[in-house]
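With compact mmCIF, C-alpha atoms inside, this is my_file.txt:
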# COMPACT_ATOMS: atom_id res chain seq x y z
CA MET A 1 -15.62 -13.53 -53.78
CA ALA A 2 -19.29 -14.49 -53.38
CA THR A 3 -21.20 -12.63 -50.69
CA TYR A 4 -24.58 -13.67 -49.30
CA ARG A 5 -26.94 -10.71 -49.64
CA GLU A 6 -30.31 -12.29 -48.83
CA ALA A 7 -32.12 -12.28 -45.47
CA LYS A 8 -29.76 -13.62 -42.81
CA CYS A 9 -32.60 -15.14 -40.81
CA ARG A 10 -33.10 -17.64 -43.64
CA LEU A 11 -29.65 -19.04 -42.85
CA CYS A 12 -30.66 -19.89 -39.28
CA ARG A 13 -33.79 -21.63 -40.55
CA ARG A 14 -31.75 -23.51 -43.17
CA GLU A 15 -29.29 -24.82 -40.59
CA GLY A 16 -31.96 -25.62 -38.02
CA CYS A 17 -30.48 -23.55 -35.19
CA LYS A 18 -29.78 -19.98 -34.17
CA LEU A 19 -26.56 -18.64 -35.66
CA PHE A 20 -26.89 -15.24 -33.93
CA LEU A 21 -26.19 -13.28 -37.11
CA LYS A 22 -28.33 -10.23 -36.30
CA GLY A 23 -27.25 -9.25 -32.78
CA ASP A 24 -30.01 -8.21 -30.38
CA ARG A 25 -32.78 -9.28 -32.78
CA CYS A 26 -31.79 -12.92 -32.22
CA TYR A 27 -32.64 -12.57 -28.52
CA SER A 28 -35.96 -10.80 -29.08
CA SER A 29 -39.46 -11.95 -29.98
CA LYS A 30 -38.78 -10.78 -33.56
CA CYS A 31 -36.39 -13.69 -34.18
CA SER A 32 -37.55 -15.43 -37.36
CA PHE A 33 -36.20 -18.79 -36.24
CA ASP A 34 -38.34 -18.74 -33.07
CA ARG A 35 -41.43 -17.82 -35.07
CA ARG A 36 -40.83 -20.25 -37.92
CA PRO A 37 -38.14 -22.87 -37.21
CA THR A 38 -38.73 -24.86 -40.43
CA PRO A 39 -36.28 -24.72 -43.37
CA PRO A 40 -37.03 -21.97 -45.92
CA GLY A 41 -38.79 -22.76 -49.15
CA GLN A 42 -42.18 -24.06 -50.19
CA HIS A 43 -41.40 -27.64 -49.16
CA GLY A 44 -39.10 -26.87 -46.23
CA ALA A 45 -41.28 -28.42 -43.55
CA GLY A 46 -41.67 -31.68 -45.46
CA ARG A 47 -38.07 -32.44 -46.41
CA LYS A 48 -36.86 -36.01 -46.14
CA LYS A 49 -34.19 -37.43 -43.84
CA VAL A 50 -30.72 -36.10 -44.64
CA SER A 51 -27.94 -38.52 -45.61
CA GLU A 52 -24.66 -38.78 -43.69
CA TYR A 53 -22.91 -36.70 -46.33
CA GLY A 54 -25.72 -34.16 -46.16
CA GLN A 55 -25.35 -33.87 -42.39
CA GLN A 56 -21.60 -33.31 -42.71
CA LEU A 57 -22.15 -30.69 -45.40
CA ARG A 58 -24.74 -28.87 -43.33
CA GLU A 59 -22.38 -28.84 -40.32
CA LYS A 60 -19.66 -27.26 -42.44
CA GLN A 61 -22.06 -24.68 -43.85
CA LYS A 62 -23.29 -23.87 -40.36
CA VAL A 63 -19.79 -23.14 -39.05
CA LYS A 64 -18.93 -21.06 -42.12
CA ARG A 65 -22.03 -18.97 -41.58
CA ILE A 66 -21.49 -18.57 -37.84
CA TYR A 67 -18.02 -17.10 -38.38
CA GLY A 68 -18.79 -15.40 -41.69
CA VAL A 69 -16.05 -17.01 -43.79
CA GLN A 70 -16.08 -18.21 -47.39
CA GLU A 71 -15.23 -21.71 -48.62
CA GLY A 72 -11.66 -20.86 -49.60
CA GLN A 73 -10.91 -19.30 -46.23
CA PHE A 74 -12.51 -22.21 -44.42
CA ARG A 75 -10.35 -24.75 -46.25
CA ILE A 76 -7.24 -22.78 -45.26
CA TYR A 77 -8.25 -22.94 -41.60
CA TYR A 78 -8.82 -26.67 -41.91
CA ARG A 79 -5.41 -27.27 -43.51
CA LYS A 80 -3.67 -25.19 -40.83
CA ALA A 81 -5.53 -27.08 -38.10
CA ASP A 82 -4.60 -30.42 -39.66
CA LYS A 83 -0.89 -29.53 -39.46
CA MET A 84 -1.10 -28.44 -35.82
CA LYS A 85 -0.59 -30.74 -32.86
CA GLY A 86 -3.76 -32.00 -31.22
CA ILE A 87 -7.26 -32.70 -32.50
CA THR A 88 -7.87 -31.20 -35.94
CA GLY A 89 -11.49 -30.19 -35.36
CA GLU A 90 -10.73 -28.44 -32.08
CA ASN A 91 -7.71 -26.71 -33.61
CA MET A 92 -9.90 -25.42 -36.43
CA LEU A 93 -12.48 -23.98 -34.05
CA SER A 94 -9.71 -22.39 -31.98
CA LEU A 95 -8.35 -20.64 -35.09
CA LEU A 96 -11.82 -19.36 -35.99
CA GLU A 97 -12.37 -18.10 -32.45
CA ARG A 98 -9.06 -16.25 -32.55
CA ARG A 99 -10.05 -14.17 -35.57
CA LEU A 100 -9.96 -10.50 -34.59
CA ASP A 101 -13.56 -9.87 -35.66
CA ASN A 102 -14.73 -12.77 -33.49
CA VAL A 103 -12.67 -11.52 -30.52
CA ILE A 104 -14.26 -8.06 -30.84
CA TYR A 105 -17.67 -9.75 -30.91
CA ARG A 106 -16.86 -11.95 -27.91
CA MET A 107 -15.75 -8.90 -25.92
CA GLY A 108 -19.20 -7.39 -26.52
CA ILE A 109 -17.94 -4.46 -28.60
CA GLY A 110 -19.89 -5.67 -31.63
CA ALA A 111 -23.50 -6.85 -31.36
CA SER A 112 -22.80 -9.44 -34.07
CA ARG A 113 -19.77 -10.78 -35.88
CA ALA A 114 -20.81 -8.86 -38.99
CA GLN A 115 -20.83 -5.60 -37.05
CA ALA A 116 -17.51 -6.46 -35.39
CA ARG A 117 -16.03 -7.19 -38.83
CA GLN A 118 -17.17 -3.79 -40.06
CA LEU A 119 -15.62 -2.05 -37.05
CA VAL A 120 -12.30 -3.79 -37.70
CA ASN A 121 -12.45 -2.97 -41.43
CA HIS A 122 -12.93 0.71 -40.59
CA GLY A 123 -9.68 0.72 -38.63
CA HIS A 124 -10.97 1.34 -35.10
CA PHE A 125 -8.60 -1.04 -33.28
CA THR A 126 -4.99 -1.68 -32.41
CA VAL A 127 -3.32 -4.94 -31.42
CA ASN A 128 -0.32 -4.47 -29.15
CA GLY A 129 -0.33 -0.77 -30.08
CA LYS A 130 -0.28 -1.33 -33.85
CA PRO A 131 -3.31 -0.55 -36.08
CA VAL A 132 -4.98 -3.66 -37.51
CA ASN A 133 -7.86 -3.52 -39.98
CA ILE A 134 -7.87 -7.17 -41.06
CA PRO A 135 -10.86 -9.11 -39.61
CA SER A 136 -9.11 -12.47 -40.17
CA TYR A 137 -6.06 -11.44 -38.11
CA ILE A 138 -5.31 -14.29 -35.67
CA VAL A 139 -4.67 -13.10 -32.12
CA LYS A 140 -2.25 -14.79 -29.73
CA ALA A 141 -2.23 -15.26 -25.97
CA GLY A 142 -1.08 -12.05 -24.32
CA ASP A 143 -2.22 -9.73 -27.13
CA ILE A 144 -3.66 -6.38 -26.03
CA ILE A 145 -6.60 -5.18 -28.13
CA ALA A 146 -7.72 -1.56 -27.80
CA VAL A 147 -9.83 1.06 -29.48
CA LYS A 148 -7.63 3.71 -31.11
CA GLU A 149 -7.23 6.80 -28.93
CA ASN A 150 -8.63 9.08 -31.63
CA LYS A 151 -11.74 6.87 -31.86
CA THR A 152 -12.64 6.67 -28.16
CA SER A 153 -14.80 9.83 -28.30
CA ASN A 154 -16.95 8.27 -31.03
CA LYS A 155 -20.60 8.02 -29.90
CA TYR A 156 -20.61 4.27 -30.45
CA PHE A 157 -17.62 3.69 -28.17
CA GLU A 158 -18.88 6.21 -25.61
CA ALA A 159 -21.92 3.95 -25.23
CA ILE A 160 -19.66 0.90 -24.86
CA LYS A 161 -17.96 2.54 -21.84
CA THR A 162 -21.18 2.32 -19.83
CA MET A 163 -22.12 -1.23 -20.77
CA LYS A 164 -22.07 -4.17 -18.38
CA VAL A 165 -19.81 -7.02 -19.44
CA ALA A 166 -21.77 -10.29 -19.50
CA ASN A 167 -20.92 -13.83 -20.62
CA MET A 168 -17.29 -12.96 -21.23
CA PRO A 169 -15.31 -16.06 -22.28
CA LYS A 170 -12.70 -16.99 -19.67
CA TRP A 171 -9.91 -16.72 -22.22
CA LEU A 172 -10.64 -13.00 -22.74
CA GLU A 173 -10.95 -9.92 -20.58
CA PHE A 174 -12.29 -6.47 -21.45
CA ASP A 175 -12.36 -3.16 -19.57
CA PRO A 176 -15.24 -1.05 -20.96
CA GLU A 177 -14.03 2.17 -19.30
CA LYS A 178 -10.58 1.95 -20.88
CA LEU A 179 -11.85 0.26 -24.06
CA THR A 180 -9.04 -2.26 -23.87
CA GLY A 181 -9.04 -6.04 -23.74
CA LYS A 182 -6.56 -8.86 -23.44
CA VAL A 183 -6.28 -12.40 -24.75
CA LEU A 184 -5.55 -14.31 -21.55
CA ALA A 185 -5.09 -17.70 -23.19
CA LEU A 186 -5.91 -19.63 -26.33
CA PRO A 187 -9.54 -20.80 -26.47
CA GLN A 188 -10.19 -24.43 -25.61
CA ARG A 189 -13.08 -26.55 -26.87
CA ASP A 190 -15.03 -26.02 -23.64
CA ASP A 191 -14.83 -22.26 -24.17
CA ILE A 192 -16.75 -22.43 -27.45
CA ASP A 193 -20.48 -22.43 -26.69
CA SER A 194 -21.72 -22.96 -30.24
CA GLN A 195 -23.43 -26.31 -30.87
CA ILE A 196 -20.92 -27.60 -33.40
CA SER A 197 -20.00 -31.19 -34.28
CA GLU A 198 -16.56 -30.45 -35.65
CA HIS A 199 -15.72 -34.13 -36.13
CA MET A 200 -18.30 -34.25 -38.94
CA ILE A 201 -16.44 -31.49 -40.79
CA VAL A 202 -13.16 -33.37 -40.41
CA GLU A 203 -14.83 -36.51 -41.78
CA LEU A 204 -16.16 -34.52 -44.74
CA TYR A 205 -12.76 -33.10 -45.69
CA SER A 206 -11.03 -36.43 -45.07
CA LYS A 207 -12.98 -38.18 -47.83

Please render this file's structure as structure tokens.
Amino acid sequence: MATYREAKCRLCRREGCKLFLKGDRCYSSKCSFDRRPTPPGQHGAGRKKVSEYGQQLREKQKVKRIYGVQEGQFRIYYRKADKMKGITGENMLSLLERRLDNVIYRMGIGASRAQARQLVNHGHFTVNGKPVNIPSYIVKAGDIIAVKENKTSNKYFEAIKTMKVANMPKWLEFDPEKLTGKVLALPQRDDIDSQISEHMIVELYSK
């Protein structure tokens, strides 16, 4: 599987918006996108108008990079969403939001999705009391997510206990002191704050 190993800030510049791939750095004055919001490359600032297909492709790439998934995974999410009742684009975003690594990020346990993915990979969490180390695990309404008891004394999680919960999505709740969270409901389109035009992705795959 291909893995992007170059500077992540280049991805934000390429997509023309902040993807929040580097945690706190994205909110600081060090953010590369704030300092240089033009596309990377020698001729980035002078690129011509993008075609309709190009816009659809860029939208797909943007969403893939936000959630940190590869093309094969992304197509699977799209196919699942297409078979579900409702609007395909919104179903797809809901599935991506319900990934365990994204939920850990949304709860504020991980500063970025990449960090949250690493925490999940290292086996720090349980879902409904059972260990889960698969970042792509899809949570359901009512699921209880917690840090393993033998991990709670870890310095990283000790720091989490004292943090203030801010901008928590309404479909999630998290208790920093107990290091436990709950999926209150499935995420709706209004709960997803990313500037995504999902209909363009549906149009791209429908061709």

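CA of Val127 (chain A) sits 9.2 Å away from CA of Leu100 (chain A).
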
Spatial neighbours of region 64-79 of chain A, 6 Å, all atoms listed in the file, chain gap at least 2 places, as a JSON list (two decimals) with C-alpha atoms, keeping the file's coordinate frame:
[["chain", "number", "residue", "atom", "x", "y", "z"],
["A", 19, "LEU", "CA", -26.56, -18.64, -35.66],
["A", 61, "GLN", "CA", -22.06, -24.68, -43.85],
["A", 62, "LYS", "CA", -23.29, -23.87, -40.36],
["A", 81, "ALA", "CA", -5.53, -27.08, -38.10],
["A", 82, "ASP", "CA", -4.60, -30.42, -39.66],
["A", 92, "MET", "CA", -9.90, -25.42, -36.43]]

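We find CA of Leu184 (chain A) and CA of Arg106 (chain A) to be spaced 13.2 Å apart.
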
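Closest to Leu119 (chain A) among A:Lys140, A:Lys80, A:Tyr156, A:Leu179 is A:Tyr156, based on all atoms listed in the file.
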
Find the distance between CA of Val202 (chain A) and CA of Glu52 (chain A) and write it in Å to one decimal.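 Value for the CA of Val202 (chain A)-CA of Glu52 (chain A) distance: 13.1 Å.
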
Neighbour list for Leu172 (chain A) as a PyMOL selection string, cut-off 12 Å, all atoms listed in the file, skip fewer than 4 positions in-chain: chain A and resi 97-98+102-108+139-145+165-168+180-188+191

Once you have the residues from the selection above, write them out as a JSON list (two decimals), in the coordinates of the input, restricted to C-alpha atoms.
[["chain", "number", "residue", "atom", "x", "y", "z"],
["A", 97, "GLU", "CA", -12.37, -18.10, -32.45],
["A", 98, "ARG", "CA", -9.06, -16.25, -32.55],
["A", 102, "ASN", "CA", -14.73, -12.77, -33.49],
["A", 103, "VAL", "CA", -12.67, -11.52, -30.52],
["A", 104, "ILE", "CA", -14.26, -8.06, -30.84],
["A", 105, "TYR", "CA", -17.67, -9.75, -30.91],
["A", 106, "ARG", "CA", -16.86, -11.95, -27.91],
["A", 107, "MET", "CA", -15.75, -8.90, -25.92],
["A", 108, "GLY", "CA", -19.20, -7.39, -26.52],
["A", 139, "VAL", "CA", -4.67, -13.10, -32.12],
["A", 140, "LYS", "CA", -2.25, -14.79, -29.73],
["A", 141, "ALA", "CA", -2.23, -15.26, -25.97],
["A", 142, "GLY", "CA", -1.08, -12.05, -24.32],
["A", 143, "ASP", "CA", -2.22, -9.73, -27.13],
["A", 144, "ILE", "CA", -3.66, -6.38, -26.03],
["A", 145, "ILE", "CA", -6.60, -5.18, -28.13],
["A", 165, "VAL", "CA", -19.81, -7.02, -19.44],
["A", 166, "ALA", "CA", -21.77, -10.29, -19.50],
["A", 167, "ASN", "CA", -20.92, -13.83, -20.62],
["A", 168, "MET", "CA", -17.29, -12.96, -21.23],
["A", 180, "THR", "CA", -9.04, -2.26, -23.87],
["A", 181, "GLY", "CA", -9.04, -6.04, -23.74],
["A", 182, "LYS", "CA", -6.56, -8.86, -23.44],
["A", 183, "VAL", "CA", -6.28, -12.40, -24.75],
["A", 184, "LEU", "CA", -5.55, -14.31, -21.55],
["A", 185, "ALA", "CA", -5.09, -17.70, -23.19],
["A", 186, "LEU", "CA", -5.91, -19.63, -26.33],
["A", 187, "PRO", "CA", -9.54, -20.80, -26.47],
["A", 188, "GLN", "CA", -10.19, -24.43, -25.61],
["A", 191, "ASP", "CA", -14.83, -22.26, -24.17]]

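Nearest residue to Glu173 (chain A) among A:Ala146, A:Leu93, A:Lys83, A:His122 is A:Ala146, counting all atoms listed in the file.
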
In terms of the shortest atom-to-atom distance over all atoms listed in the file, which of A:Lys207, A:Pro169, A:Tyr137, A:Lys130 is closest to Asp193 (chain A)? A:Pro169

Find the residues near Phe125 (chain A): any atom within 8 Å, counting only C-alpha atoms, skip ones fewer than 2 places away on the same chain, and give them as a PyMOL selection string. chain A and resi 120+123+127+131-133+145-148

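Using all atoms listed in the file, the smallest distance between any of A:His124, A:Arg113, A:Pro135, A:Trp171 and Ser153 (chain A) comes from A:His124.
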
Counting only C-alpha atoms, figure out which residue out of A:Ala114, A:Ile87, A:Thr126, A:Gln195 gets nearest to Val63 (chain A).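 Among the listed residues, the smallest separation from Val63 (chain A) belongs to A:Gln195.
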
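If only C-alpha atoms are the atoms counted, then among A:Leu95, A:Ile134, A:Ile196, A:Val50 the closest residue to Gln118 (chain A) is A:Ile134.
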